[in-house]
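First the structure, in the form of structure tokens, and then the observations on it.
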Amino acid sequence: MPIPEGWKRSHFSADIKPSIKGEKVTVLGMVLSVRKQGGLCFVILQDRYGTLQVTAHKDRTEPQVFERLTGLKAHSYIGVKGVVKAIEKAPRGAEVEVDDLYVFSEPKRLPPFDMFAKTLPSLDKRLEIRAVDLRRPTAQAVFKIRHQVLQAIRSFLVEKGFIEVNTPKIIGSATEGGAALFPLLYYDKEAFLAQSPQLYKEQLSSAFERVFEIGPVFRAEKFKTPRHLSEITSVDVEMAFADYEDVMKLLEEMIHRAITDVLDKCSEELKALEIELEKPRLPLKRLTYNEAYKTLKKLDVEVSWGEDFSTPALRKLGELNPGFYFITDWPTVSKPFYIKPREDNPRLSESFDLMHGSLELASGGSRVSSRDLLARRLRRQGLNPKLFEYHLRVYEYGMPPHAGFGLGLERFMMAITGISNIREVTLFPRDQTRLTP
Ligand code: ATP
Ligand code: MG
């Protein structure tokens, strides 16, 4: 059924201001709450831009309209025609006084949580009806911030001359080894879901110099943690004629820009989530792996040189370094084959992780650009160069020096919002036990 005649929206909630008092408007949205107080009825309506107070006076509104309005349940989708009134006590300093009402839909049942509740049922319960859970203003705030972060990252990279690309998510062979892949049936062959656009973005840096991709990556993670999912959104960047110092600088500027834009444009959302966000001071602290290793060793935290830091070790590092910082110059053995060893000390590599406290947000580094070294590094890591023929072949035609990083968008959202479970900052999380909704 088309939207009935006369019931198209004229204003969003955000447009209802004291400055347009007296104007006739048509607002549409979902009912968050209905409150009757004597001869008055207050409805909080939520639309794309937030909430709006809609009021009906028994003695001024048609009786059927008044009755219908007071009888509405939360989660009804309605249209209201009325006049804008400047009301100091109303949330926007203005409200709409109802003349006419149209009910698009009414709920058959109500969710087991209130839209403004401070204590909520478990996340698992809410995920069963995630889209309904996402109607809560605080849940919306998280994803409006995420939207702003994406906008900021895109504009920033485009301003720096990067072009946005999309690479295949169905791939024929493992890109990196290590992280477990999801196999799938591709016609009559085995294929995999891509665990990262790594090799494609490197190849593309030889053609376009500066590329980025914001897209899904898939990891069959064996462990259950509040910071791992099976499907995430990765912000991948690759840059020719650059080394790890250059891309660390790019990455810190990128997160600075994202946070600045969130502060500028999401003040309501930050307030709703009670977040006190601060711009990081640049340049971020850079800690070498060896420095971190020695500090941990001195504190009797178990560390094994050449390996990733364990969860307790990361927790300690997080206590010592709250906020954003880099861990650089990782042992070459701890990093994938495409990471470039340092020329002055090949046991260490030109690599970095961006951290927020104990949480890893991004990994990056200078890449190997020589075909022969790449093949040697593959073999040394127990991978079969034959499977990477399609990749090595490109290097035979020449390859510029290049560097890049992959930033986990959900992890970055955890850092910005302070939310400790990655599922809360993901619309429809995928993990070992969840494949729906
Ligand atoms: P971790 O050690 O935390 O498992 P990783 O080193 O295996 O991460 P990378 O391969 O370096 O991950 O991927 C780049 C970024 O992608 C990470 O820094 C992180 O932000 C994000 N990321 C990787 N795997 C996951 C996952 N399973 N869930 C959420 N984010 C992830
Ligand atoms: Mg990593």
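In the structure tokens, the first chain shown is A, the next is B, and so on; residue numbers restart at 1 for each chain, and ligands run from 1 in the order shown.
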
Check which residues of chain A sit at most 8 Å from ligand 1 using only C-alpha atoms and all ligand atoms, and return one row each with the closest pair of atoms and their distance in Å to one decimal, ordered by chain and rising number, as JSON lines.
{"residue": "A:Ala179", "atom": "CA", "partner": "ligand 1", "partner_atom_place_in_ligand_line": "7 (O)", "distance": 6.7}
{"residue": "A:Ser196", "atom": "CA", "partner": "ligand 1", "partner_atom_place_in_ligand_line": "10 (O)", "distance": 7.6}
{"residue": "A:Phe218", "atom": "CA", "partner": "ligand 1", "partner_atom_place_in_ligand_line": "27 (N)", "distance": 7.6}
{"residue": "A:Arg219", "atom": "CA", "partner": "ligand 1", "partner_atom_place_in_ligand_line": "27 (N)", "distance": 5.6}
{"residue": "A:Ala220", "atom": "CA", "partner": "ligand 1", "partner_atom_place_in_ligand_line": "27 (N)", "distance": 7.5}
{"residue": "A:Glu221", "atom": "CA", "partner": "ligand 1", "partner_atom_place_in_ligand_line": "27 (N)", "distance": 5.8}
{"residue": "A:Arg227", "atom": "CA", "partner": "ligand 1", "partner_atom_place_in_ligand_line": "29 (C)", "distance": 5.6}
{"residue": "A:His228", "atom": "CA", "partner": "ligand 1", "partner_atom_place_in_ligand_line": "28 (N)", "distance": 3.3}
{"residue": "A:Leu229", "atom": "CA", "partner": "ligand 1", "partner_atom_place_in_ligand_line": "28 (N)", "distance": 4.1}
{"residue": "A:Ser230", "atom": "CA", "partner": "ligand 1", "partner_atom_place_in_ligand_line": "27 (N)", "distance": 5.4}
{"residue": "A:Glu231", "atom": "CA", "partner": "ligand 1", "partner_atom_place_in_ligand_line": "28 (N)", "distance": 7.0}
{"residue": "A:Ile232", "atom": "CA", "partner": "ligand 1", "partner_atom_place_in_ligand_line": "29 (C)", "distance": 5.8}
{"residue": "A:Thr233", "atom": "CA", "partner": "ligand 1", "partner_atom_place_in_ligand_line": "30 (N)", "distance": 7.9}
{"residue": "A:Ser234", "atom": "CA", "partner": "ligand 1", "partner_atom_place_in_ligand_line": "16 (O)", "distance": 6.1}
{"residue": "A:Asp308", "atom": "CA", "partner": "ligand 1", "partner_atom_place_in_ligand_line": "2 (O)", "distance": 7.5}
{"residue": "A:Asp353", "atom": "CA", "partner": "ligand 1", "partner_atom_place_in_ligand_line": "18 (O)", "distance": 6.9}
{"residue": "A:Leu354", "atom": "CA", "partner": "ligand 1", "partner_atom_place_in_ligand_line": "18 (O)", "distance": 7.3}
{"residue": "A:Leu359", "atom": "CA", "partner": "ligand 1", "partner_atom_place_in_ligand_line": "3 (O)", "distance": 7.2}
{"residue": "A:Glu360", "atom": "CA", "partner": "ligand 1", "partner_atom_place_in_ligand_line": "18 (O)", "distance": 5.0}
{"residue": "A:Leu361", "atom": "CA", "partner": "ligand 1", "partner_atom_place_in_ligand_line": "20 (O)", "distance": 3.7}
{"residue": "A:Ala362", "atom": "CA", "partner": "ligand 1", "partner_atom_place_in_ligand_line": "18 (O)", "distance": 3.4}
{"residue": "A:Ser363", "atom": "CA", "partner": "ligand 1", "partner_atom_place_in_ligand_line": "11 (O)", "distance": 4.5}
{"residue": "A:Gly364", "atom": "CA", "partner": "ligand 1", "partner_atom_place_in_ligand_line": "11 (O)", "distance": 7.4}
{"residue": "A:Phe405", "atom": "CA", "partner": "ligand 1", "partner_atom_place_in_ligand_line": "14 (C)", "distance": 7.6}
{"residue": "A:Gly406", "atom": "CA", "partner": "ligand 1", "partner_atom_place_in_ligand_line": "14 (C)", "distance": 4.8}
{"residue": "A:Leu407", "atom": "CA", "partner": "ligand 1", "partner_atom_place_in_ligand_line": "15 (C)", "distance": 4.9}
{"residue": "A:Gly408", "atom": "CA", "partner": "ligand 1", "partner_atom_place_in_ligand_line": "20 (O)", "distance": 3.4}
{"residue": "A:Leu409", "atom": "CA", "partner": "ligand 1", "partner_atom_place_in_ligand_line": "20 (O)", "distance": 6.8}
{"residue": "A:Glu410", "atom": "CA", "partner": "ligand 1", "partner_atom_place_in_ligand_line": "30 (N)", "distance": 6.5}
{"residue": "A:Arg411", "atom": "CA", "partner": "ligand 1", "partner_atom_place_in_ligand_line": "20 (O)", "distance": 5.2}
{"residue": "A:Phe412", "atom": "CA", "partner": "ligand 1", "partner_atom_place_in_ligand_line": "20 (O)", "distance": 7.2}
{"residue": "A:Ile422", "atom": "CA", "partner": "ligand 1", "partner_atom_place_in_ligand_line": "29 (C)", "distance": 7.3}

Problem set entry | Residues near Leu101 in chain A, cut-off 8 Å, only C-alpha atoms, skip fewer than 3 positions along chain, as a PyMOL selection string | chain A and resi 65+69+78-81+98

Exercise. Of the candidates A:Glu302, A:Glu274, A:Asp59, A:Glu202, which one gets nearest to Leu314 in chain A if we count only C-alpha atoms?
Worked result: A:Glu302

For this session: Skip Cys266 in chain A itself and residues of its chain fewer than 5 positions away, then list as a list in words all residues within 10 Å of it, counting only C-alpha atoms.
Result: Ala141, Val142, Lys144, Ile145, Gln148, Ile259, Thr260, Asp261, Lys271 and Ala272 of chain A

For this session: With a distance cut-off of 12 Å and only C-alpha atoms, select the neighbouring residues of Ser76 in chain A, excluding the residue or stretch itself and same-chain residues fewer than 3 positions from it, and output the selection as a PyMOL selection string.
Result: chain A and resi 28-34+43-46+68-73+79+101-110+135

Give me the range 256-351 of chain A side of the contact with range 375-379 of chain A, cut-off 9 Å, one line per residue showing its nearest atom pair and distance in Å at one decimal, counting only C-alpha atoms, sorted by chain and residue number, as a tab-separated table.
residue	atom	partner	partner_atom	distance
A:Pro336	CA	A:Arg377	CA	8.7
A:Phe337	CA	A:Arg377	CA	5.2
A:Tyr338	CA	A:Arg377	CA	7.5

Problem set entry | Top pick for closest residue to ligand 2, considering A:Phe352, A:Phe113, A:Phe223, A:Tyr397 and counting only C-alpha atoms and all ligand atoms |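 That would be A:Phe352, the residue with the smallest distance to ligand 2.
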
For this session: Using DSSP on the backbone coordinates, identify the residues of range 66-114 of chain A assigned to helix (DSSP H, G or I); present them as a PyMOL selection string.
Result: chain A and resi 66-70

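Candidate residues A:Asp100, A:Glu307, A:Glu269, A:Glu159 were compared for distance to ligand 2, and the nearest is A:Glu307, using only C-alpha atoms and all ligand atoms.
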
Exercise. Which residues in range 67-126 of chain A does DSSP call strand (DSSP E or B)? List them as a PyMOL selection string.
Worked result: chain A and resi 77-86+94-105

Now that the selection is made, can you save its residues with N, CA and C atoms as a PDB file, in the first residue's frame?
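Final output, result_13.pdb:
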ATOM      1  N   TYR A  77       4.005   2.615  14.842  1.00  0.00           N
ATOM      2  CA  TYR A  77       4.572   3.543  13.851  1.00  0.00           C
ATOM      3  C   TYR A  77       3.455   4.467  13.391  1.00  0.00           C
ATOM      4  N   ILE A  78       3.648   5.761  13.627  1.00  0.00           N
ATOM      5  CA  ILE A  78       2.540   6.690  13.403  1.00  0.00           C
ATOM      6  C   ILE A  78       2.972   7.932  12.630  1.00  0.00           C
ATOM      7  N   GLY A  79       1.958   8.661  12.161  1.00  0.00           N
ATOM      8  CA  GLY A  79       2.166   9.993  11.607  1.00  0.00           C
ATOM      9  C   GLY A  79       1.313  10.961  12.425  1.00  0.00           C
ATOM     10  N   VAL A  80       1.823  12.146  12.628  1.00  0.00           N
ATOM     11  CA  VAL A  80       1.080  13.168  13.362  1.00  0.00           C
ATOM     12  C   VAL A  80       1.115  14.458  12.558  1.00  0.00           C
ATOM     13  N   LYS A  81      -0.047  15.053  12.382  1.00  0.00           N
ATOM     14  CA  LYS A  81      -0.090  16.408  11.833  1.00  0.00           C
ATOM     15  C   LYS A  81      -0.404  17.332  12.987  1.00  0.00           C
ATOM     16  N   GLY A  82       0.252  18.467  13.002  1.00  0.00           N
ATOM     17  CA  GLY A  82      -0.014  19.380  14.098  1.00  0.00           C
ATOM     18  C   GLY A  82       0.745  20.669  13.926  1.00  0.00           C
ATOM     19  N   VAL A  83       0.687  21.455  14.980  1.00  0.00           N
ATOM     20  CA  VAL A  83       1.296  22.781  14.946  1.00  0.00           C
ATOM     21  C   VAL A  83       2.468  22.811  15.927  1.00  0.00           C
ATOM     22  N   VAL A  84       3.558  23.435  15.509  1.00  0.00           N
ATOM     23  CA  VAL A  84       4.744  23.524  16.369  1.00  0.00           C
ATOM     24  C   VAL A  84       4.521  24.587  17.447  1.00  0.00           C
ATOM     25  N   LYS A  85       4.783  24.174  18.686  1.00  0.00           N
ATOM     26  CA  LYS A  85       4.676  25.113  19.810  1.00  0.00           C
ATOM     27  C   LYS A  85       6.047  25.239  20.459  1.00  0.00           C
ATOM     28  N   ALA A  86       6.394  26.462  20.827  1.00  0.00           N
ATOM     29  CA  ALA A  86       7.638  26.641  21.584  1.00  0.00           C
ATOM     30  C   ALA A  86       7.323  26.345  23.048  1.00  0.00           C
ATOM     31  N   ALA A  94      10.673  22.709  21.863  1.00  0.00           N
ATOM     32  CA  ALA A  94       9.476  22.798  21.026  1.00  0.00           C
ATOM     33  C   ALA A  94       8.810  21.442  20.971  1.00  0.00           C
ATOM     34  N   GLU A  95       7.516  21.451  20.669  1.00  0.00           N
ATOM     35  CA  GLU A  95       6.777  20.199  20.525  1.00  0.00           C
ATOM     36  C   GLU A  95       5.756  20.367  19.426  1.00  0.00           C
ATOM     37  N   VAL A  96       5.109  19.274  19.077  1.00  0.00           N
ATOM     38  CA  VAL A  96       4.047  19.359  18.078  1.00  0.00           C
ATOM     39  C   VAL A  96       2.722  19.086  18.782  1.00  0.00           C
ATOM     40  N   GLU A  97       1.789  20.015  18.629  1.00  0.00           N
ATOM     41  CA  GLU A  97       0.462  19.776  19.207  1.00  0.00           C
ATOM     42  C   GLU A  97      -0.407  19.119  18.144  1.00  0.00           C
ATOM     43  N   VAL A  98      -0.974  17.979  18.538  1.00  0.00           N
ATOM     44  CA  VAL A  98      -1.634  17.092  17.573  1.00  0.00           C
ATOM     45  C   VAL A  98      -2.967  17.635  17.056  1.00  0.00           C
ATOM     46  N   ASP A  99      -3.118  17.603  15.719  1.00  0.00           N
ATOM     47  CA  ASP A  99      -4.425  17.829  15.104  1.00  0.00           C
ATOM     48  C   ASP A  99      -4.981  16.526  14.556  1.00  0.00           C
ATOM     49  N   ASP A 100      -4.082  15.775  13.930  1.00  0.00           N
ATOM     50  CA  ASP A 100      -4.540  14.547  13.274  1.00  0.00           C
ATOM     51  C   ASP A 100      -3.490  13.456  13.443  1.00  0.00           C
ATOM     52  N   LEU A 101      -3.970  12.222  13.382  1.00  0.00           N
ATOM     53  CA  LEU A 101      -3.114  11.064  13.656  1.00  0.00           C
ATOM     54  C   LEU A 101      -3.349  10.008  12.593  1.00  0.00           C
ATOM     55  N   TYR A 102      -2.272   9.354  12.154  1.00  0.00           N
ATOM     56  CA  TYR A 102      -2.412   8.191  11.276  1.00  0.00           C
ATOM     57  C   TYR A 102      -1.561   7.076  11.862  1.00  0.00           C
ATOM     58  N   VAL A 103      -2.161   5.903  12.038  1.00  0.00           N
ATOM     59  CA  VAL A 103      -1.410   4.779  12.605  1.00  0.00           C
ATOM     60  C   VAL A 103      -1.033   3.830  11.468  1.00  0.00           C
ATOM     61  N   PHE A 104       0.267   3.738  11.199  1.00  0.00           N
ATOM     62  CA  PHE A 104       0.746   2.851  10.124  1.00  0.00           C
ATOM     63  C   PHE A 104       0.768   1.408  10.587  1.00  0.00           C
ATOM     64  N   SER A 105       1.204   1.214  11.839  1.00  0.00           N
ATOM     65  CA  SER A 105       1.262  -0.159  12.332  1.00  0.00           C
ATOM     66  C   SER A 105       1.299  -0.157  13.853  1.00  0.00           C
TER      67      SER A 105
END

Exercise. Counting only C-alpha atoms, what is within 10 Å of Arg146 in chain A, bar same-chain residues fewer than 6 positions away, as JSON, numbers by chain?
Worked result: {"A": [140, 152, 258, 262, 409, 410, 412, 413, 416, 417, 425, 426]}

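Here CA of Leu250 in chain A is placed at a distance of 18.2 Å from CA of Val165 in chain A.
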
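Between Leu120 in chain A and the candidates A:Glu268, A:Glu253, A:Glu278, A:Asp133, the tightest atom-to-atom separation, counting only C-alpha atoms, involves A:Asp133.
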
For this session: May I ask which of the residues A:Lys222, A:Arg430, A:Lys335, A:Arg393 is the closest one to ligand 2, counting only C-alpha atoms and all ligand atoms?
Result: A:Lys335

Exercise. When you draw a straight line from CA of Ile275 in chain A to CA of Gly357 in chain A, how long is it in Å?
Worked result: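 About the pair CA of Ile275 in chain A and CA of Gly357 in chain A: they are 16.7 Å apart.
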
Exercise. Do you have the CA of Gln381 in chain A-CA of Val368 in chain A distance handy?
Worked result: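 Interatomic distance here is 14.2 Å.
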
Exercise. Between A:Pro400, A:Gly365, A:Gly418, A:Pro280, which is the closest to ligand 2 once you count only C-alpha atoms and all ligand atoms?
Worked result: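 Between A:Pro400, A:Gly365, A:Gly418, A:Pro280, the residue approaching ligand 2 most closely is A:Gly365.
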